[in-house]
>>> print(open('protein_14.pdb').read())   # PDB, C-alpha atoms and all ligand atoms
ATOM      1  CA  MET A   1       0.000   0.000   0.000
ATOM      2  CA  HIS A   2       1.315   3.424  -0.873
ATOM      3  CA  ALA A   3       0.723   6.708   0.791
ATOM      4  CA  SER A   4      -1.081   9.474  -0.905
ATOM      5  CA  ILE A   5       0.757  12.736  -1.247
ATOM      6  CA  LYS A   6      -1.133  15.814  -0.292
ATOM      7  CA  THR A   7       0.200  19.193  -1.247
ATOM      8  CA  VAL A   8      -1.332  22.265   0.240
ATOM      9  CA  GLY A   9      -0.390  25.722  -0.947
ATOM     10  CA  ARG A  10      -1.565  28.946   0.513
ATOM     11  CA  SER A  11      -0.969  32.629   0.139
ATOM     12  CA  TRP A  12       0.185  34.700   3.000
ATOM     13  CA  GLN A  13      -0.137  38.343   3.901
ATOM     14  CA  GLY A  14       2.950  40.210   2.840
ATOM     15  CA  GLY A  15       4.336  37.518   0.642
ATOM     16  CA  LYS A  16       3.948  34.045  -0.442
ATOM     17  CA  VAL A  17       4.489  31.497   2.187
ATOM     18  CA  PHE A  18       4.329  28.252   0.645
ATOM     19  CA  CYS A  19       3.202  25.498   2.790
ATOM     20  CA  LEU A  20       3.874  22.336   1.000
ATOM     21  CA  LEU A  21       2.683  19.571   3.161
ATOM     22  CA  VAL A  22       3.593  16.105   2.285
ATOM     23  CA  LEU A  23       1.444  13.509   3.923
ATOM     24  CA  SER A  24       3.489  10.460   3.409
ATOM     25  CA  ALA A  25       3.209   8.222   6.398
ATOM     26  CA  LEU A  26       3.947   5.136   4.394
ATOM     27  CA  LEU A  27       6.606   6.718   2.208
ATOM     28  CA  TRP A  28       8.375   7.845   5.298
ATOM     29  CA  GLY A  29       7.675   4.491   6.767
ATOM     30  CA  CYS A  30       6.284   5.687  10.057
ATOM     31  CA  ALA A  31       3.604   3.106  10.280
ATOM     32  CA  GLY A  32       4.888   0.787   7.644
ATOM     33  CA  HIS A  33       7.696   2.101   5.442
ATOM     34  CA  ASP A  34       7.664   0.556   2.012
ATOM     35  CA  PRO A  35      11.210   0.639   0.634
ATOM     36  CA  ASP A  36       9.921  -0.466  -2.774
ATOM     37  CA  GLY A  37       7.318   2.281  -2.886
ATOM     38  CA  PRO A  38       7.110   5.038  -5.473
ATOM     39  CA  PRO A  39       9.813   7.737  -5.637
ATOM     40  CA  ARG A  40       9.759   9.880  -2.546
ATOM     41  CA  GLN A  41       8.449  13.393  -2.952
ATOM     42  CA  ALA A  42       9.455  15.709  -0.206
ATOM     43  CA  VAL A  43       9.613  19.369   0.670
ATOM     44  CA  PRO A  44      12.861  20.785  -0.745
ATOM     45  CA  GLY A  45      15.219  22.812   1.458
ATOM     46  CA  PRO A  46      15.193  23.011   5.234
ATOM     47  CA  LYS A  47      12.079  21.524   6.746
ATOM     48  CA  LEU A  48      10.432  20.257   9.862
ATOM     49  CA  VAL A  49       9.404  16.617   9.608
ATOM     50  CA  VAL A  50       6.834  15.010  11.899
ATOM     51  CA  LEU A  51       8.209  11.683  13.123
ATOM     52  CA  GLY A  52       5.459  10.732  15.548
ATOM     53  CA  THR A  53       2.073  11.952  16.736
ATOM     54  CA  ALA A  54       1.042   9.658  19.613
ATOM     55  CA  GLN A  55       1.057  10.345  23.342
ATOM     56  CA  ASP A  56       3.909   8.895  25.409
ATOM     57  CA  GLY A  57       2.297   5.437  25.680
ATOM     58  CA  GLY A  58       2.221   5.020  21.881
ATOM     59  CA  PHE A  59      -0.535   4.003  19.503
ATOM     60  CA  PRO A  60      -1.463   1.218  19.851
ATOM     61  CA  HIS A  61      -0.932   2.054  23.485
ATOM     62  CA  ALA A  62       1.135  -0.324  25.555
ATOM     63  CA  ALA A  63      -0.988  -3.274  26.698
ATOM     64  CA  CYS A  64      -4.320  -1.688  25.741
ATOM     65  CA  ALA A  65      -7.245  -3.510  24.170
ATOM     66  CA  CYS A  66      -9.552  -0.559  23.503
ATOM     67  CA  VAL A  67     -11.244  -0.458  20.113
ATOM     68  CA  ARG A  68      -8.765   2.034  18.659
ATOM     69  CA  CYS A  69      -5.700   0.137  19.865
ATOM     70  CA  VAL A  70      -7.056  -3.184  18.558
ATOM     71  CA  LEU A  71      -7.604  -1.579  15.155
ATOM     72  CA  ALA A  72      -4.150   0.019  15.128
ATOM     73  CA  ARG A  73      -2.630  -3.333  16.040
ATOM     74  CA  SER A  74      -4.404  -5.149  13.225
ATOM     75  CA  ASP A  75      -3.830  -2.386  10.636
ATOM     76  CA  ARG A  76      -0.353  -0.972  11.101
ATOM     77  CA  SER A  77      -1.116   1.909   8.748
ATOM     78  CA  ALA A  78      -3.366   3.228  11.521
ATOM     79  CA  ALA A  79      -0.598   3.014  14.124
ATOM     80  CA  ARG A  80       1.367   6.086  15.130
ATOM     81  CA  LEU A  81       4.811   6.583  16.604
ATOM     82  CA  ILE A  82       5.316   8.568  19.781
ATOM     83  CA  ALA A  83       5.428  12.346  19.323
ATOM     84  CA  SER A  84       8.648  13.722  17.880
ATOM     85  CA  VAL A  85       9.749  15.987  15.046
ATOM     86  CA  ALA A  86      13.050  16.601  13.279
ATOM     87  CA  ILE A  87      14.569  19.674  11.681
ATOM     88  CA  VAL A  88      16.221  18.464   8.500
ATOM     89  CA  ASP A  89      18.359  20.166   5.872
ATOM     90  CA  ARG A  90      19.380  17.725   3.178
ATOM     91  CA  SER A  91      21.512  20.310   1.395
ATOM     92  CA  THR A  92      23.910  20.290   4.332
ATOM     93  CA  GLY A  93      23.125  16.759   5.475
ATOM     94  CA  THR A  94      22.129  17.958   8.909
ATOM     95  CA  ARG A  95      19.395  16.728  11.217
ATOM     96  CA  ILE A  96      18.226  17.860  14.612
ATOM     97  CA  LEU A  97      15.874  15.599  16.520
ATOM     98  CA  VAL A  98      13.248  17.290  18.683
ATOM     99  CA  ASP A  99      12.555  14.889  21.542
ATOM    100  CA  ALA A 100      13.986  11.407  21.816
ATOM    101  CA  GLY A 101      11.262   9.005  22.901
ATOM    102  CA  PRO A 102      10.741   5.255  23.124
ATOM    103  CA  ASP A 103      10.175   4.964  19.340
ATOM    104  CA  ILE A 104      13.573   6.483  18.534
ATOM    105  CA  ARG A 105      14.943   3.374  16.812
ATOM    106  CA  GLU A 106      12.240   3.429  14.171
ATOM    107  CA  GLN A 107      12.380   7.205  13.881
ATOM    108  CA  LEU A 108      16.133   7.138  13.203
ATOM    109  CA  GLU A 109      15.511   4.517  10.515
ATOM    110  CA  ILE A 110      12.937   6.820   8.938
ATOM    111  CA  LEU A 111      15.356   9.760   8.935
ATOM    112  CA  GLN A 112      18.070   7.637   7.376
ATOM    113  CA  ALA A 113      15.739   6.134   4.754
ATOM    114  CA  ALA A 114      14.639   9.625   3.729
ATOM    115  CA  ASP A 115      18.226  10.718   3.146
ATOM    116  CA  PRO A 116      20.355   7.658   2.429
ATOM    117  CA  ASP A 117      23.105   9.762   0.811
ATOM    118  CA  ARG A 118      23.850  11.698   3.959
ATOM    119  CA  PRO A 119      27.601  11.529   4.522
ATOM    120  CA  ASP A 120      28.600   9.290   7.410
ATOM    121  CA  ARG A 121      29.792  11.098  10.446
ATOM    122  CA  VAL A 122      33.018   9.940  11.975
ATOM    123  CA  ASP A 123      31.189   9.218  15.223
ATOM    124  CA  ARG A 124      28.330   7.344  13.442
ATOM    125  CA  SER A 125      25.816   9.698  15.013
ATOM    126  CA  PRO A 126      22.537   9.520  13.081
ATOM    127  CA  VAL A 127      21.671  13.102  14.084
ATOM    128  CA  ASP A 128      23.636  16.284  14.669
ATOM    129  CA  GLY A 129      21.848  17.330  17.800
ATOM    130  CA  VAL A 130      18.780  16.840  19.976
ATOM    131  CA  LEU A 131      16.402  19.385  21.465
ATOM    132  CA  LEU A 132      14.418  18.191  24.486
ATOM    133  CA  THR A 133      11.045  19.489  25.596
ATOM    134  CA  HIS A 134      10.878  17.744  28.973
ATOM    135  CA  ALA A 135      11.544  14.774  31.235
ATOM    136  CA  HIS A 136       8.532  12.548  30.611
ATOM    137  CA  LEU A 137       8.588   9.015  29.183
ATOM    138  CA  GLY A 138       7.714   9.881  25.608
ATOM    139  CA  HIS A 139      10.159  12.738  25.214
ATOM    140  CA  TYR A 140      13.628  11.881  26.461
ATOM    141  CA  THR A 141      14.032   8.201  27.366
ATOM    142  CA  GLY A 142      15.222   7.386  23.819
ATOM    143  CA  LEU A 143      18.437   9.205  24.716
ATOM    144  CA  ALA A 144      19.540   5.851  26.129
ATOM    145  CA  PHE A 145      20.137   4.662  22.547
ATOM    146  CA  PHE A 146      22.944   7.184  22.156
ATOM    147  CA  GLY A 147      24.743   5.400  24.990
ATOM    148  CA  PHE A 148      27.441   2.806  25.260
ATOM    149  CA  GLU A 149      25.160  -0.193  24.593
ATOM    150  CA  ALA A 150      23.807   1.203  21.331
ATOM    151  CA  VAL A 151      25.026   4.007  19.003
ATOM    152  CA  HIS A 152      27.700   5.228  21.416
ATOM    153  CA  THR A 153      27.839   8.773  20.066
ATOM    154  CA  GLN A 154      30.662  11.145  20.830
ATOM    155  CA  ASP A 155      29.821  14.601  22.125
ATOM    156  CA  LEU A 156      26.348  14.700  20.589
ATOM    157  CA  PRO A 157      24.861  18.113  21.457
ATOM    158  CA  VAL A 158      21.670  17.804  23.524
ATOM    159  CA  TRP A 159      20.005  21.155  24.192
ATOM    160  CA  CYS A 160      17.587  21.457  27.087
ATOM    161  CA  SER A 161      16.624  23.635  30.026
ATOM    162  CA  SER A 162      18.965  24.162  32.989
ATOM    163  CA  SER A 163      16.831  21.990  35.257
ATOM    164  CA  MET A 164      16.654  19.243  32.626
ATOM    165  CA  ALA A 165      20.454  19.402  32.256
ATOM    166  CA  ALA A 166      20.826  19.062  36.022
ATOM    167  CA  TYR A 167      18.414  16.128  36.073
ATOM    168  CA  LEU A 168      20.308  14.311  33.302
ATOM    169  CA  THR A 169      23.663  15.013  34.929
ATOM    170  CA  GLU A 170      22.652  13.856  38.376
ATOM    171  CA  ASN A 171      20.572  10.759  37.631
ATOM    172  CA  GLY A 172      21.498   7.448  36.086
ATOM    173  CA  PRO A 173      21.430   6.105  33.476
ATOM    174  CA  TRP A 174      21.523   9.553  31.850
ATOM    175  CA  SER A 175      24.497  10.637  33.944
ATOM    176  CA  GLN A 176      26.511   7.874  32.279
ATOM    177  CA  LEU A 177      25.834   9.386  28.846
ATOM    178  CA  VAL A 178      27.115  12.702  30.153
ATOM    179  CA  GLY A 179      30.015  11.159  32.061
ATOM    180  CA  ILE A 180      31.517   9.241  29.148
ATOM    181  CA  GLY A 181      30.776  12.001  26.653
ATOM    182  CA  ASN A 182      28.076  10.342  24.538
ATOM    183  CA  ILE A 183      26.157  13.576  24.869
ATOM    184  CA  VAL A 184      27.134  17.136  25.684
ATOM    185  CA  LEU A 185      24.444  19.187  27.339
ATOM    186  CA  GLY A 186      23.739  22.679  26.092
ATOM    187  CA  LYS A 187      21.478  24.787  28.253
ATOM    188  CA  MET A 188      18.865  26.825  26.442
ATOM    189  CA  GLU A 189      17.855  30.143  27.906
ATOM    190  CA  PRO A 190      14.111  30.779  27.695
ATOM    191  CA  TRP A 191      13.177  33.204  24.919
ATOM    192  CA  LYS A 192      16.802  33.603  23.768
ATOM    193  CA  PRO A 193      17.159  32.666  20.067
ATOM    194  CA  PHE A 194      19.930  30.324  19.026
ATOM    195  CA  GLU A 195      20.867  28.466  15.843
ATOM    196  CA  PRO A 196      21.221  24.688  16.128
ATOM    197  CA  LEU A 197      21.644  24.673  12.323
ATOM    198  CA  PRO A 198      22.897  27.525  10.144
ATOM    199  CA  GLY A 199      19.908  29.596   9.076
ATOM    200  CA  ILE A 200      17.470  27.909  11.456
ATOM    201  CA  GLU A 201      16.639  29.852  14.594
ATOM    202  CA  VAL A 202      15.105  28.174  17.622
ATOM    203  CA  ILE A 203      13.505  29.902  20.588
ATOM    204  CA  ALA A 204      12.775  27.857  23.712
ATOM    205  CA  VAL A 205       9.420  28.848  25.163
ATOM    206  CA  PRO A 206       8.643  27.977  28.807
ATOM    207  CA  VAL A 207       5.571  25.729  28.958
ATOM    208  CA  PRO A 208       3.473  25.066  32.075
ATOM    209  CA  HIS A 209       3.298  21.298  32.541
ATOM    210  CA  ARG A 210       3.571  18.846  35.441
ATOM    211  CA  ASP A 211       7.273  19.226  36.079
ATOM    212  CA  GLU A 212       8.210  16.433  38.487
ATOM    213  CA  TYR A 213      11.830  16.169  37.347
ATOM    214  CA  ALA A 214      12.484  19.223  35.224
ATOM    215  CA  ASP A 215      10.630  22.056  33.564
ATOM    216  CA  THR A 216       9.176  22.054  30.054
ATOM    217  CA  PHE A 217       9.871  23.913  26.837
ATOM    218  CA  GLY A 218       8.079  24.292  23.519
ATOM    219  CA  PHE A 219      10.047  25.456  20.499
ATOM    220  CA  VAL A 220       9.580  28.194  17.965
ATOM    221  CA  VAL A 221      11.516  27.100  14.869
ATOM    222  CA  ARG A 222      12.080  29.914  12.410
ATOM    223  CA  GLY A 223      13.378  29.440   8.879
ATOM    224  CA  GLU A 224      13.447  31.736   5.869
ATOM    225  CA  ARG A 225      10.143  30.406   4.568
ATOM    226  CA  SER A 226       8.050  29.888   7.665
ATOM    227  CA  THR A 227       7.935  29.698  11.435
ATOM    228  CA  VAL A 228       6.607  26.659  13.271
ATOM    229  CA  PHE A 229       5.744  26.388  16.970
ATOM    230  CA  TYR A 230       5.954  22.899  18.467
ATOM    231  CA  ALA A 231       4.402  22.219  21.885
ATOM    232  CA  PRO A 232       3.378  18.563  22.240
ATOM    233  CA  ASP A 233       2.709  18.675  25.976
ATOM    234  CA  THR A 234       1.234  21.498  28.003
ATOM    235  CA  ASP A 235      -1.164  22.217  30.817
ATOM    236  CA  SER A 236      -4.346  24.135  30.087
ATOM    237  CA  TRP A 237      -3.827  27.322  28.068
ATOM    238  CA  ASP A 238      -5.267  29.162  31.087
ATOM    239  CA  HIS A 239      -1.917  28.571  32.814
ATOM    240  CA  TRP A 240       0.080  30.392  30.136
ATOM    241  CA  ASP A 241       1.513  33.735  31.138
ATOM    242  CA  PRO A 242       1.824  35.549  28.780
ATOM    243  CA  PRO A 243      -1.107  34.014  26.875
ATOM    244  CA  VAL A 244      -0.181  31.614  24.104
ATOM    245  CA  THR A 245      -2.269  33.591  21.612
ATOM    246  CA  GLY A 246       0.302  36.417  21.641
ATOM    247  CA  LEU A 247       3.052  33.994  20.699
ATOM    248  CA  LEU A 248       0.924  32.428  17.981
ATOM    249  CA  GLU A 249       0.354  35.814  16.318
ATOM    250  CA  ASP A 250       3.921  35.529  15.038
ATOM    251  CA  VAL A 251       4.006  31.953  13.765
ATOM    252  CA  ASP A 252       2.667  30.348  10.611
ATOM    253  CA  VAL A 253       2.112  26.818  11.871
ATOM    254  CA  ALA A 254       1.438  25.536  15.395
ATOM    255  CA  ILE A 255       1.766  21.831  16.179
ATOM    256  CA  LEU A 256       0.030  21.450  19.509
ATOM    257  CA  ASP A 257      -0.898  19.086  22.332
ATOM    258  CA  ALA A 258      -4.004  17.080  21.434
ATOM    259  CA  THR A 259      -3.778  14.448  24.161
ATOM    260  CA  PHE A 260      -7.526  14.492  24.811
ATOM    261  CA  TYR A 261     -10.413  15.611  22.646
ATOM    262  CA  SER A 262     -12.972  16.062  25.402
ATOM    263  CA  ALA A 263     -13.579  15.280  29.055
ATOM    264  CA  ASP A 264     -15.656  12.261  27.995
ATOM    265  CA  GLU A 265     -12.401  10.319  27.749
ATOM    266  CA  LEU A 266     -11.743  10.748  31.456
ATOM    267  CA  PRO A 267     -14.877   9.756  33.337
ATOM    268  CA  GLY A 268     -14.863  10.925  36.917
ATOM    269  CA  ARG A 269     -12.257  13.645  36.340
ATOM    270  CA  ARG A 270     -13.200  17.286  36.416
ATOM    271  CA  VAL A 271     -12.048  19.332  33.438
ATOM    272  CA  GLU A 272      -9.835  21.496  35.675
ATOM    273  CA  GLU A 273      -8.018  18.368  36.856
ATOM    274  CA  ILE A 274      -7.030  17.264  33.367
ATOM    275  CA  GLY A 275      -3.424  18.250  32.832
ATOM    276  CA  HIS A 276      -3.828  19.108  29.147
ATOM    277  CA  PRO A 277      -5.963  21.526  27.149
ATOM    278  CA  LEU A 278      -8.835  19.641  25.579
ATOM    279  CA  MET A 279      -8.862  19.855  21.788
ATOM    280  CA  THR A 280     -12.296  21.427  21.946
ATOM    281  CA  ALA A 281     -10.906  24.177  24.217
ATOM    282  CA  THR A 282      -7.884  24.711  21.967
ATOM    283  CA  MET A 283     -10.147  25.124  18.954
ATOM    284  CA  ASP A 284     -12.359  27.578  20.850
ATOM    285  CA  LEU A 285      -9.298  29.621  21.858
ATOM    286  CA  LEU A 286      -7.607  29.645  18.478
ATOM    287  CA  GLN A 287     -10.626  29.735  16.182
ATOM    288  CA  PRO A 288     -10.256  33.489  15.453
ATOM    289  CA  LEU A 289      -6.581  33.079  14.466
ATOM    290  CA  VAL A 290      -7.406  30.095  12.275
ATOM    291  CA  ASP A 291     -10.408  31.832  10.715
ATOM    292  CA  SER A 292      -8.280  34.874   9.914
ATOM    293  CA  GLY A 293      -5.977  32.670   7.835
ATOM    294  CA  ARG A 294      -2.938  33.780   9.818
ATOM    295  CA  LEU A 295      -2.315  30.453  11.549
ATOM    296  CA  GLN A 296      -2.456  26.765  10.694
ATOM    297  CA  VAL A 297      -3.014  24.483  13.692
ATOM    298  CA  TRP A 298      -2.025  20.824  13.533
ATOM    299  CA  PHE A 299      -2.784  18.504  16.445
ATOM    300  CA  THR A 300      -0.292  15.961  17.766
ATOM    301  CA  HIS A 301       0.456  13.825  20.861
ATOM    302  CA  MET A 302      -2.931  12.069  20.671
ATOM    303  CA  ASN A 303      -3.751   9.684  23.505
ATOM    304  CA  HIS A 304      -5.158   6.308  22.439
ATOM    305  CA  SER A 305      -8.482   7.331  23.985
ATOM    306  CA  ASN A 306      -8.826  10.301  21.628
ATOM    307  CA  PRO A 307     -11.829   9.839  19.300
ATOM    308  CA  VAL A 308     -10.019  11.602  16.442
ATOM    309  CA  LEU A 309      -8.116   8.322  16.126
ATOM    310  CA  GLY A 310     -11.359   6.589  15.110
ATOM    311  CA  PRO A 311     -13.147   4.441  14.385
ATOM    312  CA  ASN A 312     -16.085   6.875  14.274
ATOM    313  CA  PRO A 313     -15.116   9.834  12.012
ATOM    314  CA  GLN A 314     -17.309  12.334  13.854
ATOM    315  CA  ALA A 315     -14.624  14.023  15.990
ATOM    316  CA  ARG A 316     -12.108  14.147  13.173
ATOM    317  CA  ASP A 317     -14.702  15.613  10.825
ATOM    318  CA  GLU A 318     -15.528  18.286  13.385
ATOM    319  CA  VAL A 319     -11.838  19.253  13.703
ATOM    320  CA  GLU A 320     -11.531  19.598   9.957
ATOM    321  CA  ARG A 321     -14.844  21.417   9.634
ATOM    322  CA  ARG A 322     -13.492  24.048  12.021
ATOM    323  CA  GLY A 323     -10.353  24.476   9.895
ATOM    324  CA  PHE A 324      -7.935  22.621  12.181
ATOM    325  CA  HIS A 325      -5.862  19.588  11.213
ATOM    326  CA  ILE A 326      -4.770  16.256  12.652
ATOM    327  CA  ALA A 327      -1.025  15.803  12.125
ATOM    328  CA  GLU A 328       0.155  12.550  10.604
ATOM    329  CA  ASP A 329       3.495  10.832  10.929
ATOM    330  CA  GLY A 330       5.517  11.911   7.902
ATOM    331  CA  LEU A 331       4.026  15.387   7.514
ATOM    332  CA  GLU A 332       6.574  17.982   6.393
ATOM    333  CA  PHE A 333       6.681  21.750   6.770
ATOM    334  CA  PRO A 334       9.119  23.995   4.893
ATOM    335  CA  LEU A 335      11.300  26.173   7.107
TER     336      LEU A 335
HETATM  337 ZN    ZN A 401       4.019  13.598  26.404
HETATM  338 ZN    ZN A 402       4.647  15.429  29.518
END
>>> encode(input="protein_14.pdb", output="structure tokens", more="lines below")
Ligand SMILES: [Zn+2]
Ligand SMILES: [Zn+2]
Amino acid sequence: MHASIKTVGRSWQGGKVFCLLVLSALLWGCAGHDPDGPPRQAVPGPKLVVLGTAQDGGFPHAACACVRCVLARSDRSAARLIASVAIVDRSTGTRILVDAGPDIREQLEILQAADPDRPDRVDRSPVDGVLLTHAHLGHYTGLAFFGFEAVHTQDLPVWCSSSMAAYLTENGPWSQLVGIGNIVLGKMEPWKPFEPLPGIEVIAVPVPHRDEYADTFGFVVRGERSTVFYAPDTDSWDHWDPPVTGLLEDVDVAILDATFYSADELPGRRVEEIGHPLMTATMDLLQPLVDSGRLQVWFTHMNHSNPVLGPNPQARDEVERRGFHIAEDGLEFPL
């Protein structure tokens, strides 16, 4: 089975921003890469590539027999990898991974398959750096594969917050990666732009989230063609100070936490107790920006309970009717 390619163009105030979106889950192999498939079509130049769109527990979720997980287990094209994106520039052969989760092995295969001509690095590192949002299962535990038992990288830059750097330095097994130089921690200052790749600017945005071990960042990624904001995990938008809407005025594409669609997924829990903005609330908040044509919103980090994952199309149809989008593994955005 081959993926369909979907190309979306749009005009932009003050110039043409060209959002070429390539929906190619199967071409990229996320849920079932087909190496004998048709020639790959991809966004040229620097881009942000979606490598996974599921919540930390994966989809199908670990040890779950709900209707959606059973379907995703029987039809791997419906499965999703755990949320992650990469910033890729094939012209320079560089790749930055944004979050390193439990599906990292498959995600590194996907990156390599998409750019098999990338020159080998002396240290065999499959990426040139990693940006970390936070210290929860789905976002950093894949770092272990850069360690002694697996890739055994040398001085791989890993950029994160100061508290995340302290957590990784002080706690095994991550401290071993630091101690033997598999990774080198770079501390990101909130709101201070830096360039992990030439021509690509990243701004770390503090994100309110349950911060048991370290605090949380989202990332504004700014290229010459467009600016993308990536925030896969956050508490309710009510906890943002300053409000997220101000930040989103200045970005073209937002890829946002869609863990839960509605409170129906969490019987017995009050909405205020749910540690994520419901998709319905996010759409209510951002509807004016979306309606104005100034912002594209793509949802990611879906929990297996989320009805946008099926089998009934009602929730997904409602998202699309309102002008929002469900991100797919393999989606690409020009930077
Ligand atoms: Zn998460
Ligand atoms: Zn989290």
>>> residues_around(input="protein_14.pdb", residues="range 237-250 of chain A", least_positions_apart="4", cutoff="10 Å", atoms="all atoms listed in the file", output="PyMOL selection string")
chain A and resi 205-209+220+227-229+254+276-278+281-282+285-286+289+294-297
>>> residues_near_ligand(input="protein_14.pdb", ligand="ligand ZN 401 (chain A)", cutoff="7 Å", atoms="all atoms listed in the file", output="list in words")
Gln55, Asp56, His136, Gly138, His139, Pro232, Asp233 and His301 of chain A
>>> closest_residue(input="protein_14.pdb", among="A:Pro288, A:Pro307, A:Pro46, A:Pro173", to="Glu265 in chain A", atoms="all atoms listed in the file")
A:Pro307
>>> closest_residue(input="protein_14.pdb", among="A:Glu273, A:Glu332, A:Asp291, A:Asp99", to="ligand ZN 402 (chain A)", atoms="only C-alpha atoms and all ligand atoms")
A:Asp99
>>> residues_around(input="protein_14.pdb", residues="Met279 in chain A", least_positions_apart="4", cutoff="10 Å", atoms="only C-alpha atoms", output="PyMOL selection string")
chain A and resi 256-263+283-285+299+302+306+308+319
>>> resolve_selection(input="protein_14.pdb", expression="the PyMOL selection byres (((chain A and resi 137) around 12) and not hetatm)", output="list in words")
Gln55, Asp56, Gly57, Gly58, Ile82, Ala83, Asp99, Ala100, Gly101, Pro102, Asp103, Leu132, Thr133, His134, Ala135, His136, Gly138, His139, Tyr140, Thr141, Gly142, Leu143, Ala144, Glu212, Tyr213 and Asp233 of chain A
>>> atom_distance(input="protein_14.pdb", atom1="CA of Gly223 in chain A", atom2="CA of Ala204 in chain A")
14.9 Å
>>> axis_aligned_box(input="protein_14.pdb", around="range 92-107 of chain A", padding_each_side="4 Å", output="JSON")
{"center_x": 17.0, "center_y": 11.8, "center_z": 13.7, "size_x": 21.7, "size_y": 24.9, "size_z": 26.8}
>>> closest_residue(input="protein_14.pdb", among="A:Arg76, A:Arg225, A:Arg118, A:Arg321", to="Arg90 in chain A", atoms="only C-alpha atoms")
A:Arg118
>>> closest_residue(input="protein_14.pdb", among="A:Ile183, A:Ala166, A:Ala78, A:Val50", to="Ala327 in chain A", atoms="all atoms listed in the file")
A:Val50
>>> atom_distance(input="protein_14.pdb", atom1="CA of His61 in chain A", atom2="CA of Asn303 in chain A")
8.1 Å
>>> decode(input="protein_14.pdb", residues="range 124-129 of chain A", atoms="all heavy atoms", output="PDB file, in the first residue's frame")
ATOM      1  N   ARG A 124      29.499   8.167  13.772  1.00  0.00           N
ATOM      2  CA  ARG A 124      28.330   7.344  13.442  1.00  0.00           C
ATOM      3  C   ARG A 124      27.025   7.946  13.944  1.00  0.00           C
ATOM      4  O   ARG A 124      25.976   7.298  13.872  1.00  0.00           O
ATOM      5  CB  ARG A 124      28.464   5.927  14.027  1.00  0.00           C
ATOM      6  CG  ARG A 124      29.589   5.126  13.443  1.00  0.00           C
ATOM      7  CD  ARG A 124      29.786   3.794  14.158  1.00  0.00           C
ATOM      8  NE  ARG A 124      28.547   3.038  14.292  1.00  0.00           N
ATOM      9  CZ  ARG A 124      28.055   2.606  15.458  1.00  0.00           C
ATOM     10  NH1 ARG A 124      28.691   2.855  16.581  1.00  0.00           N
ATOM     11  NH2 ARG A 124      26.953   1.911  15.495  1.00  0.00           N
ATOM     12  N   SER A 125      27.050   9.155  14.462  1.00  0.00           N
ATOM     13  CA  SER A 125      25.816   9.698  15.013  1.00  0.00           C
ATOM     14  C   SER A 125      24.785   9.897  13.911  1.00  0.00           C
ATOM     15  O   SER A 125      25.074  10.502  12.878  1.00  0.00           O
ATOM     16  CB  SER A 125      26.062  11.030  15.714  1.00  0.00           C
ATOM     17  OG  SER A 125      24.826  11.506  16.208  1.00  0.00           O
ATOM     18  N   PRO A 126      23.574   9.377  14.108  1.00  0.00           N
ATOM     19  CA  PRO A 126      22.537   9.520  13.081  1.00  0.00           C
ATOM     20  C   PRO A 126      21.914  10.913  13.049  1.00  0.00           C
ATOM     21  O   PRO A 126      21.161  11.229  12.140  1.00  0.00           O
ATOM     22  CB  PRO A 126      21.492   8.482  13.508  1.00  0.00           C
ATOM     23  CG  PRO A 126      21.677   8.352  14.982  1.00  0.00           C
ATOM     24  CD  PRO A 126      23.123   8.603  15.267  1.00  0.00           C
ATOM     25  N   VAL A 127      22.177  11.724  14.054  1.00  0.00           N
ATOM     26  CA  VAL A 127      21.671  13.102  14.084  1.00  0.00           C
ATOM     27  C   VAL A 127      22.803  14.017  14.545  1.00  0.00           C
ATOM     28  O   VAL A 127      23.812  13.565  15.082  1.00  0.00           O
ATOM     29  CB  VAL A 127      20.449  13.255  15.032  1.00  0.00           C
ATOM     30  CG1 VAL A 127      19.248  12.487  14.514  1.00  0.00           C
ATOM     31  CG2 VAL A 127      20.783  12.831  16.453  1.00  0.00           C
ATOM     32  N   ASP A 128      22.596  15.317  14.321  1.00  0.00           N
ATOM     33  CA  ASP A 128      23.636  16.284  14.669  1.00  0.00           C
ATOM     34  C   ASP A 128      23.344  17.009  15.971  1.00  0.00           C
ATOM     35  O   ASP A 128      24.141  17.832  16.412  1.00  0.00           O
ATOM     36  CB  ASP A 128      23.777  17.298  13.529  1.00  0.00           C
ATOM     37  CG  ASP A 128      24.123  16.599  12.239  1.00  0.00           C
ATOM     38  OD1 ASP A 128      25.270  16.161  12.101  1.00  0.00           O
ATOM     39  OD2 ASP A 128      23.222  16.445  11.387  1.00  0.00           O
ATOM     40  N   GLY A 129      22.197  16.711  16.528  1.00  0.00           N
ATOM     41  CA  GLY A 129      21.848  17.330  17.800  1.00  0.00           C
ATOM     42  C   GLY A 129      20.438  16.933  18.194  1.00  0.00           C
ATOM     43  O   GLY A 129      19.679  16.403  17.369  1.00  0.00           O
TER      44      GLY A 129
END
